[in-house]
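The file my_file23.json contains JSON, N, CA and C atoms:
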```json
[["chain", "number", "residue", "atom", "x", "y", "z"],
["A", 1, "MET", "N", -120.61, 114.07, -67.80],
["A", 1, "MET", "CA", -119.81, 112.97, -67.31],
["A", 1, "MET", "C", -118.37, 113.07, -67.82],
["A", 2, "TYR", "N", -118.19, 113.35, -69.12],
["A", 2, "TYR", "CA", -116.85, 113.46, -69.68],
["A", 2, "TYR", "C", -116.51, 114.89, -70.05],
["A", 3, "ASN", "N", -117.25, 115.85, -69.49],
["A", 3, "ASN", "CA", -117.05, 117.28, -69.76],
["A", 3, "ASN", "C", -117.22, 117.61, -71.24],
["A", 4, "TRP", "N", -118.14, 116.93, -71.89],
["A", 4, "TRP", "CA", -118.47, 117.23, -73.28],
["A", 4, "TRP", "C", -119.20, 118.56, -73.29],
["A", 5, "PRO", "N", -118.76, 119.54, -74.09],
["A", 5, "PRO", "CA", -119.34, 120.88, -74.00],
["A", 5, "PRO", "C", -120.78, 120.98, -74.51],
["A", 6, "PHE", "N", -121.18, 120.08, -75.41],
["A", 6, "PHE", "CA", -122.53, 120.16, -75.97],
["A", 6, "PHE", "C", -123.19, 118.79, -75.86],
["A", 7, "PRO", "N", -123.93, 118.54, -74.77],
["A", 7, "PRO", "CA", -124.51, 117.21, -74.54],
["A", 7, "PRO", "C", -125.47, 116.77, -75.65],
["A", 8, "ILE", "N", -126.19, 117.69, -76.27],
["A", 8, "ILE", "CA", -127.14, 117.30, -77.31],
["A", 8, "ILE", "C", -126.41, 116.75, -78.53],
["A", 9, "THR", "N", -125.23, 117.29, -78.84],
["A", 9, "THR", "CA", -124.48, 116.77, -79.98],
["A", 9, "THR", "C", -123.96, 115.36, -79.68],
["A", 10, "LEU", "N", -123.57, 115.13, -78.46],
["A", 10, "LEU", "CA", -123.13, 113.78, -78.08],
["A", 10, "LEU", "C", -124.28, 112.79, -78.23],
["A", 11, "THR", "N", -125.47, 113.19, -77.83],
["A", 11, "THR", "CA", -126.65, 112.34, -77.97],
["A", 11, "THR", "C", -126.95, 112.08, -79.44],
["A", 12, "MET", "N", -126.86, 113.11, -80.27],
["A", 12, "MET", "CA", -127.14, 112.95, -81.69],
["A", 12, "MET", "C", -126.11, 112.05, -82.38],
["A", 13, "ILE", "N", -124.84, 112.19, -82.00],
["A", 13, "ILE", "CA", -123.79, 111.32, -82.55],
["A", 13, "ILE", "C", -124.07, 109.87, -82.15],
["A", 14, "HIS", "N", -124.44, 109.66, -80.90],
["A", 14, "HIS", "CA", -124.75, 108.33, -80.41],
["A", 14, "HIS", "C", -125.94, 107.73, -81.16],
["A", 15, "MET", "N", -126.99, 108.52, -81.36],
["A", 15, "MET", "CA", -128.18, 108.03, -82.07],
["A", 15, "MET", "C", -127.85, 107.70, -83.52],
["A", 16, "ALA", "N", -127.05, 108.52, -84.17],
["A", 16, "ALA", "CA", -126.66, 108.27, -85.57],
["A", 16, "ALA", "C", -125.84, 106.99, -85.67],
["A", 17, "PHE", "N", -124.91, 106.80, -84.75],
["A", 17, "PHE", "CA", -124.10, 105.58, -84.75],
["A", 17, "PHE", "C", -124.95, 104.34, -84.55],
["A", 18, "CYS", "N", -125.85, 104.38, -83.56],
["A", 18, "CYS", "CA", -126.70, 103.22, -83.29],
["A", 18, "CYS", "C", -127.64, 102.92, -84.45],
["A", 19, "SER", "N", -128.18, 103.97, -85.06],
["A", 19, "SER", "CA", -129.07, 103.77, -86.21],
["A", 19, "SER", "C", -128.32, 103.17, -87.39],
["A", 20, "SER", "N", -127.13, 103.67, -87.65],
["A", 20, "SER", "CA", -126.33, 103.14, -88.75],
["A", 20, "SER", "C", -125.96, 101.68, -88.52],
["A", 21, "LEU", "N", -125.56, 101.37, -87.31],
["A", 21, "LEU", "CA", -125.21, 100.00, -86.97],
["A", 21, "LEU", "C", -126.41, 99.07, -87.12],
["A", 22, "THR", "N", -127.58, 99.54, -86.70],
["A", 22, "THR", "CA", -128.80, 98.74, -86.82],
["A", 22, "THR", "C", -129.14, 98.46, -88.28],
["A", 23, "VAL", "N", -129.05, 99.48, -89.12],
["A", 23, "VAL", "CA", -129.34, 99.31, -90.54],
["A", 23, "VAL", "C", -128.37, 98.31, -91.16],
["A", 24, "LEU", "N", -127.11, 98.42, -90.81],
["A", 24, "LEU", "CA", -126.12, 97.48, -91.34],
["A", 24, "LEU", "C", -126.40, 96.04, -90.90],
["A", 25, "LEU", "N", -126.68, 95.86, -89.62],
["A", 25, "LEU", "CA", -126.91, 94.51, -89.11],
["A", 25, "LEU", "C", -128.18, 93.87, -89.66],
["A", 26, "ILE", "N", -129.23, 94.66, -89.84],
["A", 26, "ILE", "CA", -130.50, 94.09, -90.27],
["A", 26, "ILE", "C", -130.62, 94.01, -91.78],
["A", 27, "LYS", "N", -130.35, 95.11, -92.47],
["A", 27, "LYS", "CA", -130.62, 95.14, -93.91],
["A", 27, "LYS", "C", -129.44, 94.68, -94.76],
["A", 28, "VAL", "N", -128.24, 94.97, -94.36],
["A", 28, "VAL", "CA", -127.08, 94.62, -95.19],
["A", 28, "VAL", "C", -126.58, 93.22, -94.88],
["A", 29, "PHE", "N", -126.28, 92.95, -93.61],
["A", 29, "PHE", "CA", -125.71, 91.66, -93.24],
["A", 29, "PHE", "C", -126.74, 90.59, -92.91],
["A", 30, "LYS", "N", -128.02, 90.97, -92.82],
["A", 30, "LYS", "CA", -129.12, 90.05, -92.50],
["A", 30, "LYS", "C", -128.80, 89.26, -91.23],
["A", 31, "PHE", "N", -128.23, 89.96, -90.24],
["A", 31, "PHE", "CA", -127.82, 89.34, -88.99],
["A", 31, "PHE", "C", -129.02, 88.85, -88.19],
["A", 32, "VAL", "N", -130.07, 89.63, -88.19],
["A", 32, "VAL", "CA", -131.32, 89.25, -87.51],
["A", 32, "VAL", "C", -132.48, 89.50, -88.47],
["A", 33, "GLU", "N", -133.60, 88.83, -88.22],
["A", 33, "GLU", "CA", -134.78, 89.04, -89.03],
["A", 33, "GLU", "C", -135.48, 90.33, -88.60],
["A", 34, "LEU", "N", -136.09, 90.98, -89.54],
["A", 34, "LEU", "CA", -136.87, 92.16, -89.25],
["A", 34, "LEU", "C", -138.16, 91.74, -88.58],
["A", 35, "VAL", "N", -138.43, 92.27, -87.41],
["A", 35, "VAL", "CA", -139.61, 91.90, -86.64],
["A", 35, "VAL", "C", -140.58, 93.07, -86.64],
["A", 36, "SER", "N", -141.84, 92.76, -86.81],
["A", 36, "SER", "CA", -142.86, 93.80, -86.80],
["A", 36, "SER", "C", -143.42, 93.94, -85.38],
["A", 37, "VAL", "N", -143.14, 95.05, -84.75],
["A", 37, "VAL", "CA", -143.64, 95.33, -83.41],
["A", 37, "VAL", "C", -144.31, 96.70, -83.47],
["A", 38, "SER", "N", -145.45, 96.78, -82.85],
["A", 38, "SER", "CA", -146.15, 98.06, -82.92],
["A", 38, "SER", "C", -145.38, 99.13, -82.15],
["A", 39, "ARG", "N", -145.49, 100.33, -82.62],
["A", 39, "ARG", "CA", -144.81, 101.46, -82.00],
["A", 39, "ARG", "C", -145.29, 101.69, -80.57],
["A", 40, "GLU", "N", -146.55, 101.43, -80.34],
["A", 40, "GLU", "CA", -147.11, 101.62, -79.00],
["A", 40, "GLU", "C", -146.50, 100.66, -77.99],
["A", 41, "MET", "N", -146.25, 99.43, -78.40],
["A", 41, "MET", "CA", -145.65, 98.45, -77.48],
["A", 41, "MET", "C", -144.22, 98.85, -77.12],
["A", 42, "LEU", "N", -143.49, 99.35, -78.10],
["A", 42, "LEU", "CA", -142.13, 99.81, -77.82],
["A", 42, "LEU", "C", -142.14, 100.99, -76.87],
["A", 43, "LYS", "N", -143.05, 101.91, -77.10],
["A", 43, "LYS", "CA", -143.16, 103.08, -76.21],
["A", 43, "LYS", "C", -143.55, 102.66, -74.81],
["A", 44, "ALA", "N", -144.37, 101.63, -74.68],
["A", 44, "ALA", "CA", -144.82, 101.18, -73.37],
["A", 44, "ALA", "C", -143.68, 100.54, -72.58],
["A", 45, "LEU", "N", -142.77, 99.86, -73.25],
["A", 45, "LEU", "CA", -141.70, 99.15, -72.55],
["A", 45, "LEU", "C", -140.42, 99.95, -72.36],
["A", 46, "MET", "N", -140.30, 101.08, -73.03],
["A", 46, "MET", "CA", -139.07, 101.86, -73.00],
["A", 46, "MET", "C", -138.68, 102.37, -71.60],
["A", 47, "PRO", "N", -139.59, 102.91, -70.80],
["A", 47, "PRO", "CA", -139.16, 103.39, -69.47],
["A", 47, "PRO", "C", -138.59, 102.27, -68.60],
["A", 48, "VAL", "N", -139.16, 101.09, -68.66],
["A", 48, "VAL", "CA", -138.66, 99.97, -67.87],
["A", 48, "VAL", "C", -137.26, 99.58, -68.35],
["A", 49, "ALA", "N", -137.06, 99.58, -69.65],
["A", 49, "ALA", "CA", -135.74, 99.22, -70.19],
["A", 49, "ALA", "C", -134.68, 100.24, -69.78],
["A", 50, "VAL", "N", -135.01, 101.52, -69.87],
["A", 50, "VAL", "CA", -134.04, 102.57, -69.51],
["A", 50, "VAL", "C", -133.71, 102.51, -68.02],
["A", 51, "TYR", "N", -134.72, 102.34, -67.19],
["A", 51, "TYR", "CA", -134.49, 102.26, -65.74],
["A", 51, "TYR", "C", -133.64, 101.03, -65.41],
["A", 52, "SER", "N", -133.95, 99.89, -66.03],
["A", 52, "SER", "CA", -133.20, 98.66, -65.76],
["A", 52, "SER", "C", -131.73, 98.80, -66.16],
["A", 53, "ILE", "N", -131.48, 99.41, -67.30],
["A", 53, "ILE", "CA", -130.10, 99.62, -67.73],
["A", 53, "ILE", "C", -129.38, 100.57, -66.78],
["A", 54, "GLY", "N", -130.07, 101.61, -66.33],
["A", 54, "GLY", "CA", -129.48, 102.53, -65.35],
["A", 54, "GLY", "C", -129.10, 101.83, -64.06],
["A", 55, "VAL", "N", -129.95, 100.91, -63.62],
["A", 55, "VAL", "CA", -129.65, 100.15, -62.40],
["A", 55, "VAL", "C", -128.47, 99.21, -62.65],
["A", 56, "LEU", "N", -128.47, 98.52, -63.80],
["A", 56, "LEU", "CA", -127.37, 97.60, -64.11],
["A", 56, "LEU", "C", -126.02, 98.30, -64.21],
["A", 57, "LEU", "N", -126.02, 99.54, -64.70],
["A", 57, "LEU", "CA", -124.77, 100.29, -64.83],
["A", 57, "LEU", "C", -124.44, 101.13, -63.59],
["A", 58, "ASN", "N", -125.17, 100.91, -62.53],
["A", 58, "ASN", "CA", -124.97, 101.60, -61.25],
["A", 58, "ASN", "C", -125.11, 103.12, -61.36],
["A", 59, "LYS", "N", -125.94, 103.57, -62.28],
["A", 59, "LYS", "CA", -126.21, 105.00, -62.39],
["A", 59, "LYS", "C", -127.40, 105.40, -61.53],
["A", 60, "GLU", "N", -128.21, 104.41, -61.15],
["A", 60, "GLU", "CA", -129.37, 104.64, -60.33],
["A", 60, "GLU", "C", -129.49, 103.50, -59.34],
["A", 61, "SER", "N", -130.07, 103.79, -58.19],
["A", 61, "SER", "CA", -130.28, 102.71, -57.22],
["A", 61, "SER", "C", -131.66, 102.10, -57.46],
["A", 62, "PHE", "N", -131.75, 100.79, -57.25],
["A", 62, "PHE", "CA", -133.01, 100.10, -57.49],
["A", 62, "PHE", "C", -133.99, 100.41, -56.38],
["A", 63, "LYS", "N", -135.20, 100.76, -56.80],
["A", 63, "LYS", "CA", -136.30, 100.99, -55.86],
["A", 63, "LYS", "C", -137.48, 100.18, -56.34],
["A", 64, "SER", "N", -137.94, 99.28, -55.47],
["A", 64, "SER", "CA", -139.03, 98.39, -55.89],
["A", 64, "SER", "C", -140.31, 99.18, -56.20],
["A", 65, "GLU", "N", -140.53, 100.28, -55.49],
["A", 65, "GLU", "CA", -141.72, 101.11, -55.76],
["A", 65, "GLU", "C", -141.68, 101.67, -57.18],
["A", 66, "THR", "N", -140.52, 102.17, -57.58],
["A", 66, "THR", "CA", -140.37, 102.74, -58.92],
["A", 66, "THR", "C", -140.56, 101.67, -59.99],
["A", 67, "MET", "N", -139.94, 100.51, -59.80],
["A", 67, "MET", "CA", -140.07, 99.45, -60.78],
["A", 67, "MET", "C", -141.50, 98.94, -60.88],
["A", 68, "THR", "N", -142.17, 98.78, -59.74],
["A", 68, "THR", "CA", -143.56, 98.33, -59.75],
["A", 68, "THR", "C", -144.44, 99.34, -60.47],
["A", 69, "ASN", "N", -144.21, 100.61, -60.21],
["A", 69, "ASN", "CA", -144.99, 101.66, -60.86],
["A", 69, "ASN", "C", -144.79, 101.63, -62.37],
["A", 70, "MET", "N", -143.54, 101.56, -62.81],
["A", 70, "MET", "CA", -143.27, 101.56, -64.25],
["A", 70, "MET", "C", -143.80, 100.30, -64.91],
["A", 71, "LEU", "N", -143.67, 99.16, -64.26],
["A", 71, "LEU", "CA", -144.18, 97.91, -64.83],
["A", 71, "LEU", "C", -145.70, 97.94, -64.97],
["A", 72, "SER", "N", -146.37, 98.48, -63.96],
["A", 72, "SER", "CA", -147.84, 98.53, -64.05],
["A", 72, "SER", "C", -148.30, 99.49, -65.14],
["A", 73, "ILE", "N", -147.63, 100.62, -65.28],
["A", 73, "ILE", "CA", -147.98, 101.57, -66.34],
["A", 73, "ILE", "C", -147.68, 100.96, -67.71],
["A", 74, "SER", "N", -146.53, 100.30, -67.85],
["A", 74, "SER", "CA", -146.18, 99.67, -69.11],
["A", 74, "SER", "C", -147.16, 98.55, -69.46],
["A", 75, "PHE", "N", -147.54, 97.78, -68.47],
["A", 75, "PHE", "CA", -148.50, 96.70, -68.71],
["A", 75, "PHE", "C", -149.84, 97.25, -69.17],
["A", 76, "ALA", "N", -150.31, 98.30, -68.51],
["A", 76, "ALA", "CA", -151.59, 98.91, -68.89],
["A", 76, "ALA", "C", -151.50, 99.52, -70.30],
["A", 77, "ALA", "N", -150.39, 100.16, -70.61],
["A", 77, "ALA", "CA", -150.23, 100.75, -71.94],
["A", 77, "ALA", "C", -150.15, 99.67, -73.00],
["A", 78, "ARG", "N", -149.51, 98.57, -72.68],
["A", 78, "ARG", "CA", -149.42, 97.47, -73.63],
["A", 78, "ARG", "C", -150.79, 96.85, -73.87],
["A", 79, "LEU", "N", -151.56, 96.66, -72.81],
["A", 79, "LEU", "CA", -152.92, 96.14, -72.98],
["A", 79, "LEU", "C", -153.75, 97.08, -73.84],
["A", 80, "ASN", "N", -153.61, 98.36, -73.59],
["A", 80, "ASN", "CA", -154.36, 99.35, -74.35],
["A", 80, "ASN", "C", -153.95, 99.33, -75.81],
["A", 81, "SER", "N", -152.66, 99.15, -76.08],
["A", 81, "SER", "CA", -152.20, 99.17, -77.47],
["A", 81, "SER", "C", -152.63, 97.93, -78.23],
["A", 82, "THR", "N", -152.72, 96.79, -77.54],
["A", 82, "THR", "CA", -153.13, 95.56, -78.24],
["A", 82, "THR", "C", -154.64, 95.50, -78.43],
["A", 83, "HIS", "N", -155.40, 96.00, -77.49],
["A", 83, "HIS", "CA", -156.85, 95.92, -77.59],
["A", 83, "HIS", "C", -157.47, 97.19, -78.14],
["A", 84, "GLY", "N", -156.72, 98.28, -78.08],
["A", 84, "GLY", "CA", -157.27, 99.56, -78.52],
["A", 84, "GLY", "C", -157.13, 99.84, -80.01],
["A", 85, "GLU", "N", -156.28, 99.07, -80.69],
["A", 85, "GLU", "CA", -156.05, 99.33, -82.12],
["A", 85, "GLU", "C", -157.12, 98.72, -82.97]]
```
Before we go any further, please render this structure as C-alpha cells.
Amino acid sequence: MYNWPFPITLTMIHMAFCSSLTVLLIKVFKFVELVSVSREMLKALMPVAVYSIGVLLNKESFKSETMTNMLSISFAARLNSTHGE
C-alpha cells in the first residue's frame, strides 16, 4: 500500500507498538480493568472482527454470505469452547 519494501517488518513494528500501548494502558495507567477471556473465544471471534474492520475501512465489500458463514463458524467455535473445556 505504501511501497514498504518488507511487509513482515511493518507488521512486526505494528504488533510491537500495539502490544506496548496495551501494556501501558492496562498495567501502568490502569486505564481499563484486566478481563479474563478464554483464548478460544478470542480466536473464535477474530475473523468476524477483521472482516468487519475491513468493510468499515472500505478495503473489502460487504457480502452477507461471507458474514453469515463467519458468524456461524464463530458461534459454533464459541459454543465448543465454553462447553468443551
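The spacing separating atom CA of Asn58 of chain A from atom CA of Ala44 of chain A amounts to 23.3 Å.
All residues of protein, DNA or RNA that reach within 8 Å of Val48 of chain A, judged by all atoms listed in the file and not counting those fewer than 5 positions away in the chain, are Lys43, Ile53, Gly54, Met67, Met70, Leu71 and Ser74 of chain A.
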Store the residues picked out above in a file with N, CA and C atoms, as a PDB file, keeping the file's coordinate frame.
```
ATOM      1  N   LYS A  43    -143.050 101.910 -77.100  1.00  0.00           N
ATOM      2  CA  LYS A  43    -143.160 103.080 -76.210  1.00  0.00           C
ATOM      3  C   LYS A  43    -143.550 102.660 -74.810  1.00  0.00           C
ATOM      4  N   ILE A  53    -131.480  99.410 -67.300  1.00  0.00           N
ATOM      5  CA  ILE A  53    -130.100  99.620 -67.730  1.00  0.00           C
ATOM      6  C   ILE A  53    -129.380 100.570 -66.780  1.00  0.00           C
ATOM      7  N   GLY A  54    -130.070 101.610 -66.330  1.00  0.00           N
ATOM      8  CA  GLY A  54    -129.480 102.530 -65.350  1.00  0.00           C
ATOM      9  C   GLY A  54    -129.100 101.830 -64.060  1.00  0.00           C
ATOM     10  N   MET A  67    -139.940 100.510 -59.800  1.00  0.00           N
ATOM     11  CA  MET A  67    -140.070  99.450 -60.780  1.00  0.00           C
ATOM     12  C   MET A  67    -141.500  98.940 -60.880  1.00  0.00           C
ATOM     13  N   MET A  70    -143.540 101.560 -62.810  1.00  0.00           N
ATOM     14  CA  MET A  70    -143.270 101.560 -64.250  1.00  0.00           C
ATOM     15  C   MET A  70    -143.800 100.300 -64.910  1.00  0.00           C
ATOM     16  N   LEU A  71    -143.670  99.160 -64.260  1.00  0.00           N
ATOM     17  CA  LEU A  71    -144.180  97.910 -64.830  1.00  0.00           C
ATOM     18  C   LEU A  71    -145.700  97.940 -64.970  1.00  0.00           C
ATOM     19  N   SER A  74    -146.530 100.300 -67.850  1.00  0.00           N
ATOM     20  CA  SER A  74    -146.180  99.670 -69.110  1.00  0.00           C
ATOM     21  C   SER A  74    -147.160  98.550 -69.460  1.00  0.00           C
TER      22      SER A  74
END
```
Please, which residues of chain A, numbered as in this document, come out helix (DSSP H, G or I) from DSSP, as a PyMOL selection string?
chain A and resi 7-28+39-56+64-84
Could you tell me how far atom N of Ser52 of chain A sits from atom C of Glu65 of chain A, in Å to one decimal place?
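Atom N of Ser52 of chain A lies 11.9 Å from atom C of Glu65 of chain A.
Picture a line from atom C of Arg78 of chain A to atom CA of Ala49 of chain A; it runs 15.7 Å.
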So, counting only C-alpha atoms, which residue among A:Phe17, A:Pro5, A:Phe75, A:Ile26 is closest to Glu40 of chain A?
A:Phe75
Where atoms are missing, can you supply all heavy atoms for segment 27-38 of chain A and output the lot as a compact mmCIF listing (two decimals), in the coordinates of the input?
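The result, stored in rebuild07.txt:
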```txt
# COMPACT_ATOMS: atom_id res chain seq x y z
N LYS A 27 -130.35 95.11 -92.47
CA LYS A 27 -130.62 95.14 -93.91
C LYS A 27 -129.44 94.68 -94.76
O LYS A 27 -129.65 94.05 -95.80
CB LYS A 27 -131.04 96.55 -94.33
CG LYS A 27 -132.38 96.93 -93.74
CD LYS A 27 -132.93 98.16 -94.38
CE LYS A 27 -134.31 98.42 -93.81
NZ LYS A 27 -135.00 99.46 -94.51
N VAL A 28 -128.24 94.97 -94.36
CA VAL A 28 -127.08 94.62 -95.19
C VAL A 28 -126.58 93.22 -94.88
O VAL A 28 -126.46 92.37 -95.77
CB VAL A 28 -125.95 95.67 -95.02
CG1 VAL A 28 -124.72 95.26 -95.79
CG2 VAL A 28 -126.43 97.04 -95.44
N PHE A 29 -126.28 92.95 -93.61
CA PHE A 29 -125.71 91.66 -93.24
C PHE A 29 -126.74 90.59 -92.91
O PHE A 29 -126.39 89.44 -92.70
CB PHE A 29 -124.74 91.83 -92.07
CG PHE A 29 -123.56 92.69 -92.39
CD1 PHE A 29 -123.36 93.89 -91.73
CD2 PHE A 29 -122.65 92.30 -93.37
CE1 PHE A 29 -122.28 94.69 -92.03
CE2 PHE A 29 -121.56 93.11 -93.67
CZ PHE A 29 -121.38 94.31 -93.00
N LYS A 30 -128.02 90.97 -92.82
CA LYS A 30 -129.12 90.05 -92.50
C LYS A 30 -128.80 89.26 -91.23
O LYS A 30 -129.04 88.06 -91.13
CB LYS A 30 -129.37 89.08 -93.65
CG LYS A 30 -129.54 89.73 -94.99
CD LYS A 30 -130.96 90.09 -95.24
CE LYS A 30 -131.12 90.51 -96.68
NZ LYS A 30 -131.70 91.78 -96.89
N PHE A 31 -128.23 89.96 -90.24
CA PHE A 31 -127.82 89.34 -88.99
C PHE A 31 -129.02 88.85 -88.19
O PHE A 31 -128.98 87.81 -87.56
CB PHE A 31 -126.98 90.33 -88.17
CG PHE A 31 -126.30 89.73 -86.99
CD1 PHE A 31 -125.25 88.85 -87.14
CD2 PHE A 31 -126.72 90.03 -85.71
CE1 PHE A 31 -124.62 88.28 -86.05
CE2 PHE A 31 -126.11 89.48 -84.61
CZ PHE A 31 -125.05 88.61 -84.79
N VAL A 32 -130.07 89.63 -88.19
CA VAL A 32 -131.32 89.25 -87.51
C VAL A 32 -132.48 89.50 -88.47
O VAL A 32 -132.38 90.29 -89.40
CB VAL A 32 -131.54 90.05 -86.21
CG1 VAL A 32 -130.52 89.70 -85.18
CG2 VAL A 32 -131.55 91.53 -86.47
N GLU A 33 -133.60 88.83 -88.22
CA GLU A 33 -134.78 89.04 -89.03
C GLU A 33 -135.48 90.33 -88.60
O GLU A 33 -135.46 90.69 -87.43
CB GLU A 33 -135.75 87.88 -88.87
CG GLU A 33 -135.26 86.59 -89.46
CD GLU A 33 -136.29 85.48 -89.30
OE1 GLU A 33 -137.48 85.80 -89.20
OE2 GLU A 33 -135.87 84.33 -89.26
N LEU A 34 -136.09 90.98 -89.54
CA LEU A 34 -136.87 92.16 -89.25
C LEU A 34 -138.16 91.74 -88.58
O LEU A 34 -138.90 90.92 -89.10
CB LEU A 34 -137.15 92.94 -90.54
CG LEU A 34 -137.69 94.34 -90.40
CD1 LEU A 34 -136.72 95.20 -89.60
CD2 LEU A 34 -137.92 94.95 -91.76
N VAL A 35 -138.43 92.27 -87.41
CA VAL A 35 -139.61 91.90 -86.64
C VAL A 35 -140.58 93.07 -86.64
O VAL A 35 -140.19 94.22 -86.47
CB VAL A 35 -139.22 91.54 -85.19
CG1 VAL A 35 -140.44 91.21 -84.36
CG2 VAL A 35 -138.24 90.40 -85.19
N SER A 36 -141.84 92.76 -86.81
CA SER A 36 -142.86 93.80 -86.80
C SER A 36 -143.42 93.94 -85.38
O SER A 36 -144.07 93.03 -84.88
CB SER A 36 -143.98 93.46 -87.77
OG SER A 36 -145.00 94.40 -87.68
N VAL A 37 -143.14 95.05 -84.75
CA VAL A 37 -143.64 95.33 -83.41
C VAL A 37 -144.31 96.70 -83.47
O VAL A 37 -143.76 97.63 -84.06
CB VAL A 37 -142.48 95.36 -82.38
CG1 VAL A 37 -142.98 95.71 -81.00
CG2 VAL A 37 -141.76 94.04 -82.37
N SER A 38 -145.45 96.78 -82.85
CA SER A 38 -146.15 98.06 -82.92
C SER A 38 -145.38 99.13 -82.15
O SER A 38 -144.72 98.85 -81.15
CB SER A 38 -147.57 97.95 -82.38
OG SER A 38 -147.58 98.00 -80.98
```
